[in-house]
>>> print(open('target01.txt').read())   # compact mmCIF, C-alpha atoms and all ligand atoms
# COMPACT_ATOMS: atom_id res chain seq x y z
CA MET A 134 -17.69 1.11 -13.27
CA THR A 135 -18.56 4.72 -12.41
CA THR A 136 -21.83 4.79 -10.50
CA GLN A 137 -24.10 7.66 -9.55
CA PRO A 138 -24.57 8.53 -5.85
CA PHE A 139 -27.83 6.66 -5.27
CA GLU A 140 -27.60 4.05 -7.93
CA PRO A 141 -28.64 0.78 -6.24
CA PHE A 142 -25.73 -1.05 -4.64
CA PRO A 143 -24.46 -3.62 -7.20
CA PHE A 144 -25.18 -6.75 -5.15
CA HIS A 145 -24.34 -10.17 -6.38
CA PRO A 146 -27.60 -12.04 -6.16
CA ALA A 147 -27.61 -15.62 -4.84
CA ASP A 148 -25.73 -17.51 -7.51
CA PRO A 149 -25.01 -21.25 -7.27
CA ALA A 150 -21.95 -20.76 -9.47
CA ASP A 151 -20.50 -18.02 -7.24
CA PRO A 152 -17.46 -19.54 -5.50
CA ARG A 153 -17.53 -17.12 -2.57
CA PRO A 154 -18.55 -18.98 0.60
CA GLY A 155 -22.17 -18.45 1.55
CA HIS A 156 -23.12 -16.82 -1.72
CA ALA A 157 -24.51 -20.02 -3.18
CA ARG A 158 -27.15 -19.90 -0.46
CA GLY A 159 -27.74 -16.17 -0.81
CA ASP A 160 -26.59 -15.97 2.80
CA ILE A 161 -23.21 -14.59 3.89
CA ARG A 162 -23.93 -14.55 7.63
CA GLU A 163 -21.55 -17.45 8.31
CA VAL A 164 -18.65 -15.65 6.57
CA VAL A 165 -19.50 -12.46 8.46
CA HIS A 166 -19.54 -14.24 11.82
CA THR A 167 -16.30 -16.12 11.13
CA TYR A 168 -14.64 -12.82 10.20
CA ARG A 169 -15.99 -10.95 13.21
CA GLY A 170 -14.98 -13.81 15.52
CA PHE A 171 -11.30 -12.99 14.85
CA HIS A 172 -11.89 -9.60 16.48
CA ASP A 173 -14.19 -10.73 19.28
CA GLU A 174 -11.98 -10.74 22.37
CA ASP A 175 -14.70 -12.38 24.50
CA HIS A 176 -14.67 -15.44 22.24
CA GLY A 177 -11.00 -16.11 21.54
CA GLY A 178 -10.43 -13.41 18.90
CA ASP A 179 -7.10 -11.66 19.45
CA VAL A 180 -3.95 -10.54 17.63
CA ALA A 181 -2.44 -14.04 17.81
CA ALA A 182 -5.55 -15.67 16.29
CA ARG A 183 -5.66 -13.03 13.55
CA LYS A 184 -1.97 -13.55 12.75
CA ASP A 185 -2.32 -17.36 12.74
CA HIS A 186 -5.35 -17.20 10.42
CA TYR A 187 -4.43 -14.02 8.51
CA PHE A 188 -4.97 -15.60 5.10
CA GLU A 189 -8.58 -16.67 5.64
CA MET A 190 -9.37 -13.60 7.74
CA VAL A 191 -8.16 -11.11 5.09
CA LYS A 192 -9.57 -13.08 2.18
CA GLY A 193 -12.95 -13.34 3.95
CA TYR A 194 -12.83 -9.62 4.69
CA TYR A 195 -12.35 -8.72 1.00
CA ASP A 196 -14.98 -11.25 -0.13
CA LEU A 197 -17.37 -9.22 2.02
CA ALA A 198 -16.04 -5.69 1.55
CA THR A 199 -14.98 -5.41 -2.11
CA ASP A 200 -18.36 -4.43 -3.57
CA PHE A 201 -18.89 -1.86 -0.81
CA PHE A 202 -15.47 -0.32 -1.41
CA GLU A 203 -15.93 -0.12 -5.14
CA TYR A 204 -19.38 1.40 -4.71
CA GLY A 205 -18.31 4.02 -2.18
CA TRP A 206 -14.72 4.70 -3.15
CA GLY A 207 -13.99 3.70 -6.75
CA ASP A 208 -11.36 1.39 -8.19
CA SER A 209 -8.52 2.40 -5.84
CA PHE A 210 -8.87 1.24 -2.24
CA HIS A 211 -6.60 3.75 -0.56
CA PHE A 212 -6.64 7.24 0.92
CA ALA A 213 -4.77 10.32 -0.31
CA PRO A 214 -3.72 13.66 1.08
CA ARG A 215 -5.78 16.34 -0.62
CA TYR A 216 -5.07 19.92 -1.45
CA ARG A 217 -7.58 22.77 -1.58
CA GLY A 218 -9.46 22.87 -4.86
CA GLU A 219 -8.65 19.26 -5.67
CA THR A 220 -11.44 16.73 -6.17
CA PHE A 221 -11.35 13.38 -4.37
CA ARG A 222 -10.52 11.53 -7.61
CA GLU A 223 -7.78 14.00 -8.57
CA SER A 224 -6.16 13.53 -5.17
CA ILE A 225 -6.21 9.73 -5.56
CA ARG A 226 -4.56 9.93 -8.99
CA ARG A 227 -1.93 12.45 -7.79
CA HIS A 228 -1.06 10.15 -4.85
CA GLN A 229 -0.51 7.31 -7.36
CA HIS A 230 1.56 9.45 -9.72
CA PHE A 231 3.61 10.73 -6.76
CA LEU A 232 4.64 7.15 -5.98
CA ALA A 233 5.48 6.31 -9.62
CA ALA A 234 7.52 9.49 -10.00
CA ARG A 235 9.40 9.10 -6.69
CA LEU A 236 10.33 5.51 -7.52
CA GLY A 237 11.55 6.58 -10.97
CA LEU A 238 9.33 4.05 -12.77
CA LYS A 239 9.71 4.08 -16.55
CA PRO A 240 9.13 2.05 -19.73
CA GLY A 241 11.04 -1.22 -19.83
CA MET A 242 10.82 -1.75 -16.07
CA ARG A 243 9.04 -4.73 -14.51
CA VAL A 244 7.37 -3.58 -11.31
CA LEU A 245 5.48 -5.48 -8.60
CA ASP A 246 2.26 -4.14 -7.01
CA VAL A 247 1.88 -5.89 -3.64
CA GLY A 248 -1.81 -6.42 -2.74
CA CYS A 249 -3.17 -4.92 -5.95
CA GLY A 250 -6.91 -4.86 -5.11
CA ILE A 251 -9.06 -4.45 -8.23
CA GLY A 252 -6.17 -2.71 -9.94
CA GLY A 253 -6.96 1.03 -9.79
CA PRO A 254 -3.38 1.93 -8.77
CA MET A 255 -1.75 -0.50 -11.20
CA ARG A 256 -3.63 0.94 -14.18
CA SER A 257 -2.73 4.46 -13.11
CA VAL A 258 0.94 3.60 -12.49
CA ALA A 259 1.20 1.65 -15.78
CA ARG A 260 -0.26 4.54 -17.78
CA PHE A 261 1.75 7.24 -16.01
CA SER A 262 5.12 5.47 -16.07
CA GLY A 263 4.97 3.12 -19.06
CA ALA A 264 6.34 0.31 -16.85
CA THR A 265 4.94 -3.23 -16.91
CA VAL A 266 3.09 -3.83 -13.65
CA VAL A 267 2.54 -7.24 -12.05
CA GLY A 268 -0.15 -7.33 -9.34
CA ILE A 269 -0.17 -9.97 -6.61
CA ASN A 270 -3.35 -10.54 -4.62
CA ASN A 271 -4.82 -13.46 -2.65
CA ASN A 272 -8.43 -12.59 -3.45
CA PRO A 273 -9.76 -14.26 -6.63
CA TYR A 274 -12.90 -12.11 -6.72
CA GLN A 275 -10.79 -8.92 -6.83
CA LEU A 276 -8.43 -10.41 -9.41
CA GLU A 277 -11.32 -11.28 -11.70
CA LYS A 278 -12.51 -7.68 -11.52
CA ALA A 279 -8.95 -6.36 -12.03
CA ALA A 280 -8.48 -8.50 -15.15
CA GLY A 281 -11.73 -7.19 -16.66
CA TYR A 282 -10.90 -3.54 -15.92
CA ASN A 283 -7.33 -3.95 -17.24
CA ARG A 284 -8.73 -5.33 -20.49
CA GLU A 285 -11.33 -2.53 -20.73
CA ALA A 286 -8.55 0.02 -20.16
CA GLY A 287 -6.47 -1.47 -23.01
CA LEU A 288 -3.74 -2.39 -20.51
CA ALA A 289 -3.91 -6.19 -20.70
CA ALA A 290 -0.50 -6.41 -22.39
CA GLN A 291 1.19 -4.04 -19.90
CA THR A 292 -0.19 -5.69 -16.75
CA GLU A 293 -0.10 -9.18 -15.20
CA LEU A 294 -2.11 -10.58 -12.32
CA VAL A 295 -0.95 -13.32 -9.98
CA GLU A 296 -3.12 -15.04 -7.40
CA ALA A 297 -0.85 -15.76 -4.42
CA ASP A 298 -0.13 -14.98 -0.81
CA PHE A 299 2.32 -12.09 -0.57
CA MET A 300 3.86 -13.81 2.47
CA ASN A 301 5.04 -16.54 0.11
CA MET A 302 5.71 -14.95 -3.27
CA PRO A 303 6.00 -17.21 -6.33
CA PHE A 304 8.67 -15.02 -7.98
CA GLU A 305 12.35 -15.44 -8.76
CA GLU A 306 15.11 -13.79 -6.76
CA GLY A 307 15.70 -10.25 -8.13
CA GLU A 308 12.84 -10.50 -10.66
CA PHE A 309 11.59 -6.89 -10.26
CA ASP A 310 13.16 -3.50 -10.96
CA ALA A 311 10.93 -1.93 -8.32
CA VAL A 312 8.19 -2.94 -5.88
CA TYR A 313 5.39 -0.82 -4.48
CA ALA A 314 2.33 -1.15 -2.23
CA PHE A 315 -0.70 1.02 -1.62
CA GLU A 316 -2.10 0.38 1.87
CA ALA A 317 -1.81 -3.41 1.53
CA THR A 318 1.22 -4.46 3.60
CA CYS A 319 -0.82 -3.53 6.71
CA HIS A 320 -2.60 -6.89 6.27
CA ALA A 321 0.62 -8.87 6.81
CA PRO A 322 0.79 -11.00 9.97
CA ASP A 323 4.53 -10.35 10.17
CA LYS A 324 5.93 -7.23 8.54
CA ALA A 325 9.57 -8.27 8.86
CA ALA A 326 8.83 -11.54 7.02
CA LEU A 327 6.91 -9.73 4.27
CA PHE A 328 9.70 -7.17 3.80
CA ARG A 329 12.21 -10.04 3.50
CA GLN A 330 10.05 -11.50 0.69
CA ILE A 331 10.00 -8.12 -1.07
CA HIS A 332 13.76 -7.71 -0.61
CA ARG A 333 14.31 -11.14 -2.21
CA VAL A 334 12.25 -10.47 -5.37
CA LEU A 335 13.71 -6.97 -5.89
CA LYS A 336 16.87 -6.50 -8.00
CA PRO A 337 19.92 -5.28 -6.06
CA GLY A 338 19.87 -1.47 -6.34
CA GLY A 339 16.06 -1.55 -6.82
CA VAL A 340 13.62 0.39 -4.67
CA PHE A 341 10.52 -0.50 -2.68
CA GLY A 342 8.06 2.33 -1.96
CA ALA A 343 4.82 2.13 -0.01
CA TYR A 344 2.09 3.94 1.83
CA GLU A 345 1.74 2.09 5.13
CA TRP A 346 -0.93 2.14 7.87
CA CYS A 347 0.80 3.00 11.14
CA LEU A 348 0.25 4.26 14.66
CA THR A 349 1.97 7.61 15.13
CA ASP A 350 3.95 8.74 18.17
CA ARG A 351 0.73 10.28 19.51
CA TYR A 352 -0.67 6.80 20.13
CA ASP A 353 -0.65 5.99 23.84
CA PRO A 354 -1.12 2.26 24.51
CA GLU A 355 -2.26 3.15 28.06
CA SER A 356 -5.20 5.20 26.74
CA VAL A 357 -8.51 3.31 26.65
CA ARG A 358 -9.76 5.63 23.88
CA HIS A 359 -6.66 5.06 21.74
CA ARG A 360 -6.94 1.29 22.16
CA ARG A 361 -10.63 1.43 21.23
CA ILE A 362 -9.83 3.40 18.04
CA LYS A 363 -7.04 0.95 17.11
CA LYS A 364 -9.36 -2.02 17.62
CA GLY A 365 -12.12 -0.32 15.57
CA ILE A 366 -9.71 0.18 12.67
CA GLU A 367 -8.47 -3.42 12.88
CA GLU A 368 -11.98 -4.89 12.81
CA GLY A 369 -13.36 -2.46 10.23
CA ASP A 370 -10.42 -2.98 7.88
CA GLY A 371 -9.31 -6.61 8.13
CA LEU A 372 -6.03 -6.07 10.00
CA PRO A 373 -4.26 -8.51 12.31
CA ASP A 374 -2.56 -5.62 14.18
CA ILE A 375 -1.26 -2.08 13.52
CA TRP A 376 2.46 -1.36 13.76
CA THR A 377 4.09 1.89 14.88
CA ILE A 378 6.23 3.96 12.48
CA PRO A 379 9.56 3.06 14.22
CA ALA A 380 8.61 -0.66 14.24
CA THR A 381 7.91 -0.46 10.49
CA VAL A 382 11.28 1.18 9.79
CA GLU A 383 12.99 -1.40 12.01
CA CYS A 384 11.36 -4.22 9.99
CA LEU A 385 12.60 -2.66 6.72
CA GLU A 386 16.15 -2.33 8.02
CA GLY A 387 16.00 -5.82 9.54
CA ALA A 388 15.06 -7.18 6.11
CA GLY A 389 18.22 -5.64 4.61
CA PHE A 390 16.81 -2.40 3.16
CA THR A 391 18.39 1.03 3.37
CA VAL A 392 15.59 3.53 4.02
CA ARG A 393 16.11 6.48 1.64
CA GLU A 394 12.92 8.48 2.33
CA GLN A 395 10.35 8.45 5.09
CA GLU A 396 7.54 10.86 5.79
CA ASP A 397 4.01 10.79 7.17
CA ARG A 398 2.16 12.23 4.15
CA ALA A 399 -0.88 12.84 6.38
CA VAL A 400 1.10 15.48 8.27
CA ALA A 401 2.54 16.93 5.07
CA SER A 402 -0.91 17.50 3.54
CA ASP A 403 -3.23 20.51 3.85
CA PRO A 404 -4.92 20.58 7.31
CA GLU A 405 -8.07 22.00 5.67
CA THR A 406 -8.48 18.84 3.63
CA PRO A 407 -7.23 15.91 5.72
CA TRP A 408 -7.17 12.38 4.28
CA GLU A 409 -10.19 11.38 6.39
CA LEU A 410 -12.38 14.21 5.02
CA PRO A 411 -14.31 11.99 2.56
CA ILE A 412 -15.53 9.72 5.38
CA THR A 413 -16.27 12.41 7.98
CA GLY A 414 -19.72 13.18 6.61
CA ARG A 415 -18.75 16.87 6.46
CA GLU A 416 -18.28 16.91 2.74
CA LEU A 417 -21.52 17.24 0.83
CA SER A 418 -20.32 17.11 -2.74
CA TRP A 419 -22.39 15.25 -5.32
CA THR A 420 -19.92 12.38 -5.71
CA GLY A 421 -18.94 12.32 -2.02
CA VAL A 422 -22.48 12.01 -0.76
CA ARG A 423 -22.45 8.18 -0.62
CA ARG A 424 -19.65 8.38 1.92
CA THR A 425 -21.53 10.80 4.23
CA LYS A 426 -23.78 9.85 7.17
CA LEU A 427 -26.86 10.60 5.06
CA GLY A 428 -25.49 8.56 2.17
CA ARG A 429 -24.82 5.63 4.51
CA ARG A 430 -28.39 5.77 5.87
CA LEU A 431 -29.83 5.72 2.36
CA THR A 432 -27.57 2.80 1.48
CA TRP A 433 -28.71 0.95 4.64
CA ALA A 434 -32.36 1.54 3.78
CA ALA A 435 -31.75 0.17 0.27
CA ILE A 436 -29.87 -2.86 1.66
CA LYS A 437 -32.68 -3.61 4.12
CA VAL A 438 -35.24 -3.68 1.34
CA MET A 439 -32.96 -5.77 -0.89
CA GLU A 440 -32.19 -8.30 1.89
CA ALA A 441 -35.93 -8.64 2.61
CA ALA A 442 -36.63 -9.10 -1.11
CA ARG A 443 -33.78 -11.71 -1.27
CA ILE A 444 -31.98 -9.66 -3.91
CA ALA A 445 -29.03 -9.12 -1.55
CA PRO A 446 -27.61 -12.06 0.47
CA LYS A 447 -28.60 -12.18 4.14
CA GLY A 448 -25.84 -10.62 6.28
CA THR A 449 -25.11 -7.76 3.84
CA MET A 450 -26.51 -5.24 6.32
CA GLU A 451 -24.12 -6.45 9.05
CA VAL A 452 -21.16 -6.05 6.67
CA SER A 453 -22.23 -2.51 5.87
CA GLN A 454 -22.53 -1.72 9.58
CA PHE A 455 -19.11 -3.02 10.62
CA LEU A 456 -17.47 -1.27 7.65
CA HIS A 457 -19.08 1.99 8.72
CA ALA A 458 -17.99 1.45 12.33
CA GLY A 459 -14.47 0.99 10.91
CA ALA A 460 -14.82 4.22 8.94
CA ASP A 461 -15.81 6.06 12.15
CA ALA A 462 -12.72 4.65 13.91
CA LEU A 463 -10.56 5.84 10.98
CA VAL A 464 -12.01 9.34 11.30
CA GLU A 465 -11.25 9.35 15.05
CA GLY A 466 -7.76 8.00 14.35
CA GLY A 467 -7.15 10.76 11.79
CA GLU A 468 -8.62 13.60 13.82
CA SER A 469 -6.74 12.60 16.98
CA GLY A 470 -3.54 12.15 14.94
CA ILE A 471 -2.80 8.75 16.49
CA PHE A 472 -3.05 6.94 13.16
CA THR A 473 -1.90 7.47 9.57
CA PRO A 474 -2.75 5.41 6.46
CA MET A 475 0.07 7.04 4.52
CA PHE A 476 3.39 6.61 6.22
CA TRP A 477 5.48 6.90 3.05
CA PHE A 478 8.86 5.34 2.59
CA VAL A 479 11.32 4.50 -0.16
CA ALA A 480 13.68 1.68 0.76
CA GLU A 481 16.54 0.42 -1.40
CA ARG A 482 17.94 -3.08 -1.69
CA PRO A 483 21.64 -2.22 -1.59
CA ALA A 484 23.46 -3.05 -4.83
C1 LIG A 501 -6.68 -1.91 1.17
S1 LIG A 501 -6.57 -3.01 -0.19
C2 LIG A 501 -5.55 -2.04 -1.27
C3 LIG A 501 -5.65 -2.54 -2.67
C4 LIG A 501 -4.86 -1.73 -3.70
N1 LIG A 501 -3.47 -1.62 -3.31
C5 LIG A 501 -5.48 -0.37 -3.87
O1 LIG A 501 -4.92 0.59 -3.30
O2 LIG A 501 -6.50 -0.27 -4.54
C6 LIG A 501 -5.41 -4.29 0.37
C7 LIG A 501 -5.15 -5.39 -0.66
O3 LIG A 501 -4.17 -6.31 -0.16
C8 LIG A 501 -4.55 -7.64 -0.53
N2 LIG A 501 -3.95 -8.59 0.40
C9 LIG A 501 -4.10 -8.62 1.74
N3 LIG A 501 -3.42 -9.66 2.26
C10 LIG A 501 -2.83 -10.30 1.22
C11 LIG A 501 -1.98 -11.46 1.13
N4 LIG A 501 -1.62 -12.16 2.20
N5 LIG A 501 -1.51 -11.80 -0.08
C12 LIG A 501 -1.87 -11.09 -1.20
N6 LIG A 501 -2.67 -10.02 -1.16
C13 LIG A 501 -3.15 -9.62 0.03
C14 LIG A 501 -6.06 -7.60 -0.43
O4 LIG A 501 -6.69 -8.67 -1.10
C15 LIG A 501 -6.37 -6.23 -1.03
O5 LIG A 501 -6.43 -6.33 -2.41
>>> encode(input="target01.txt", output="structure tokens", more="lines below")
Ligand SMILES: C[S@@+](CC[C@H](N)C(=O)[O-])C[C@H]1O[C@@H](n2cnc3c(N)ncnc32)[C@H](O)[C@@H]1O
Amino acid sequence: MTTQPFEPFPFHPADPADPRPGHARGDIREVVHTYRGFHDEDHGGDVAARKDHYFEMVKGYYDLATDFFEYGWGDSFHFAPRYRGETFRESIRRHQHFLAARLGLKPGMRVLDVGCGIGGPMRSVARFSGATVVGINNNPYQLEKAAGYNREAGLAAQTELVEADFMNMPFEEGEFDAVYAFEATCHAPDKAALFRQIHRVLKPGGVFGAYEWCLTDRYDPESVRHRRIKKGIEEGDGLPDIWTIPATVECLEGAGFTVREQEDRAVASDPETPWELPITGRELSWTGVRRTKLGRRLTWAAIKVMEAARIAPKGTMEVSQFLHAGADALVEGGESGIFTPMFWFVAERPA
């Protein structure tokens, strides 16, 4: 799974057996255009359309983006605050261990990972805490990868994977001792409804902890620049909308939770090494180079050649470009302080 900085991008060549739409034809342009249409305000794309069609929009987004994320970021699709002297990977692991420690996860517990991606956090949390972790995800391609990596890591018996929509969870009332999410609940079309689902599957007295994508109090809805950044993040990252911090807390309380901890971890971290540093292009470390502007250009050049040679499906270049535009919007959101991907909270379902 670990790749070198300029190892060719691991494209999935045209494969008639590949269930992802478009892939059988070696052409993903239709999926790309459907996805982008949800964000195209001149052609009916708006928050309401994205909320109504959240399932297909988010699933389509991860069909397109998963390989890019894994290539550029690793097996954990989230940010982390970083301290001086820490490597990118160390900061990601610490952020995961922080969550497991703060939620008091331990052997014997059954814990739910909401929107588990390809399972980087669940493997880390399972190893660190000894708890059994169940991951829910609506993207079969990611789940297939997660299952393989869990097996390779020797964690198949301590982890479970469930393909389902987290807005409609197939779990019993009070089934989990704890629930957590790493930057996944931001994809929900209705946060209050999702938090009610989580409240239902959590045992009374159990805790739900998450890192949430939010607009901070510096966001000014009247500012054209702020609105442009918000839209760039939504399109680049498969989001129906972005909530503010107070709206998120209100949704938790409305769902019946008591909020025990809340903190924007982006503010708490070292200003010399902000969360957005790895995508600013300012960091020229050997492993970070793929995420820099130069690294992106080299990736684009490789994609162009591979599309022309029909090794990569047609439309791959467009995916890479809108993901990078999203990364630029994230950097602007971080530098201006109007956005955080790590509003941290611990909420308890009262006993
Ligand atoms: C930014 S990724 C984070 C993945 C993982 N938590 C990590 O940090 O590596 C968001 C995840 O949420 C999942 N997701 C989004 N909407 C979902 C839904 N309605 N039901 C289940 N999973 C969903 C996506 O498929 C993706 O795996």
>>> closest_atom_pairs(input="target01.txt", of="stretch 161-214 of chain A", to="stretch 231-253 of chain A", cutoff="8 Å", atoms="all atoms listed in the file", output="JSON lines")
{"residue": "A:Asp208", "atom": "CA", "partner": "A:Gly253", "partner_atom": "CA", "distance": 4.7}
{"residue": "A:Ser209", "atom": "CA", "partner": "A:Gly253", "partner_atom": "CA", "distance": 4.5}
{"residue": "A:Phe210", "atom": "CA", "partner": "A:Gly250", "partner_atom": "CA", "distance": 7.0}
>>> residues_near_ligand(input="target01.txt", ligand="ligand LIG 501 (chain A)", cutoff="8 Å", atoms="all atoms listed in the file", output="PyMOL selection string")
chain A and resi 187-188+191-192+195+208-211+246-254+269-272+275+296-300+314-321+370
>>> atom_distance(input="target01.txt", atom1="atom CA of A:Lys336", atom2="atom CA of A:Glu383")
21.0 Å
>>> residues_around(input="target01.txt", residues="stretch 453-469 of chain A", least_positions_apart="5", cutoff="6 Å", atoms="all atoms listed in the file", output="list of chain:residue names")
A:Ile362, A:Gly365, A:Ile366, A:Gly369, A:Glu409
>>> atom_distance(input="target01.txt", atom1="atom CA of A:Ala181", atom2="atom CA of A:Leu385")
21.9 Å
>>> atom_distance(input="target01.txt", atom1="atom CA of A:Val382", atom2="atom CA of A:Ala343")
11.8 Å
>>> closest_residue(input="target01.txt", among="A:Met475, A:Ala264, A:Cys347, A:Ile412", to="A:Gly205", atoms="all atoms listed in the file")
A:Ile412
>>> closest_residue(input="target01.txt", among="A:Gly470, A:Pro322, A:Pro303, A:Pro337", to="A:Asp350", atoms="only C-alpha atoms")
A:Gly470
>>> residues_around(input="target01.txt", residues="A:Thr292", least_positions_apart="2", cutoff="10 Å", atoms="all atoms listed in the file", output="PDB file with C-alpha atoms, in the coordinates of the input")
ATOM      1  CA  ARG A 243       9.040  -4.730 -14.510  1.00  0.00           C
ATOM      2  CA  VAL A 244       7.370  -3.580 -11.310  1.00  0.00           C
ATOM      3  CA  LEU A 245       5.480  -5.480  -8.600  1.00  0.00           C
ATOM      4  CA  GLY A 252      -6.170  -2.710  -9.940  1.00  0.00           C
ATOM      5  CA  MET A 255      -1.750  -0.500 -11.200  1.00  0.00           C
ATOM      6  CA  ARG A 256      -3.630   0.940 -14.180  1.00  0.00           C
ATOM      7  CA  ALA A 259       1.200   1.650 -15.780  1.00  0.00           C
ATOM      8  CA  ALA A 264       6.340   0.310 -16.850  1.00  0.00           C
ATOM      9  CA  THR A 265       4.940  -3.230 -16.910  1.00  0.00           C
ATOM     10  CA  VAL A 266       3.090  -3.830 -13.650  1.00  0.00           C
ATOM     11  CA  VAL A 267       2.540  -7.240 -12.050  1.00  0.00           C
ATOM     12  CA  GLY A 268      -0.150  -7.330  -9.340  1.00  0.00           C
ATOM     13  CA  ALA A 279      -8.950  -6.360 -12.030  1.00  0.00           C
ATOM     14  CA  ALA A 280      -8.480  -8.500 -15.150  1.00  0.00           C
ATOM     15  CA  ASN A 283      -7.330  -3.950 -17.240  1.00  0.00           C
ATOM     16  CA  ARG A 284      -8.730  -5.330 -20.490  1.00  0.00           C
ATOM     17  CA  GLY A 287      -6.470  -1.470 -23.010  1.00  0.00           C
ATOM     18  CA  LEU A 288      -3.740  -2.390 -20.510  1.00  0.00           C
ATOM     19  CA  ALA A 289      -3.910  -6.190 -20.700  1.00  0.00           C
ATOM     20  CA  ALA A 290      -0.500  -6.410 -22.390  1.00  0.00           C
ATOM     21  CA  LEU A 294      -2.110 -10.580 -12.320  1.00  0.00           C
TER      22      LEU A 294
END
>>> closest_residue(input="target01.txt", among="A:Lys364, A:Gly371, A:Arg482, A:Leu276", to="A:Gln330", atoms="only C-alpha atoms")
A:Arg482
>>> closest_residue(input="target01.txt", among="A:Asp200, A:Glu277, A:Tyr216, A:Gln291", to="A:Arg260", atoms="only C-alpha atoms")
A:Gln291
>>> closest_residue(input="target01.txt", among="A:Met190, A:Val438, A:Ile225, A:Ala480", to="A:Gly207", atoms="all atoms listed in the file")
A:Ile225
>>> residues_around(input="target01.txt", residues="A:Lys437", least_positions_apart="4", cutoff="8 Å", atoms="only C-alpha atoms", output="NGL selection string")
:A and (433 or 441 or 450)
>>> write_last_selection(input="target01.txt", atoms="C-alpha atoms", output="PDB file, keeping the file's coordinate frame")
ATOM      1  CA  TRP A 433     -28.710   0.950   4.640  1.00  0.00           C
ATOM      2  CA  ALA A 441     -35.930  -8.640   2.610  1.00  0.00           C
ATOM      3  CA  MET A 450     -26.510  -5.240   6.320  1.00  0.00           C
TER       4      MET A 450
END
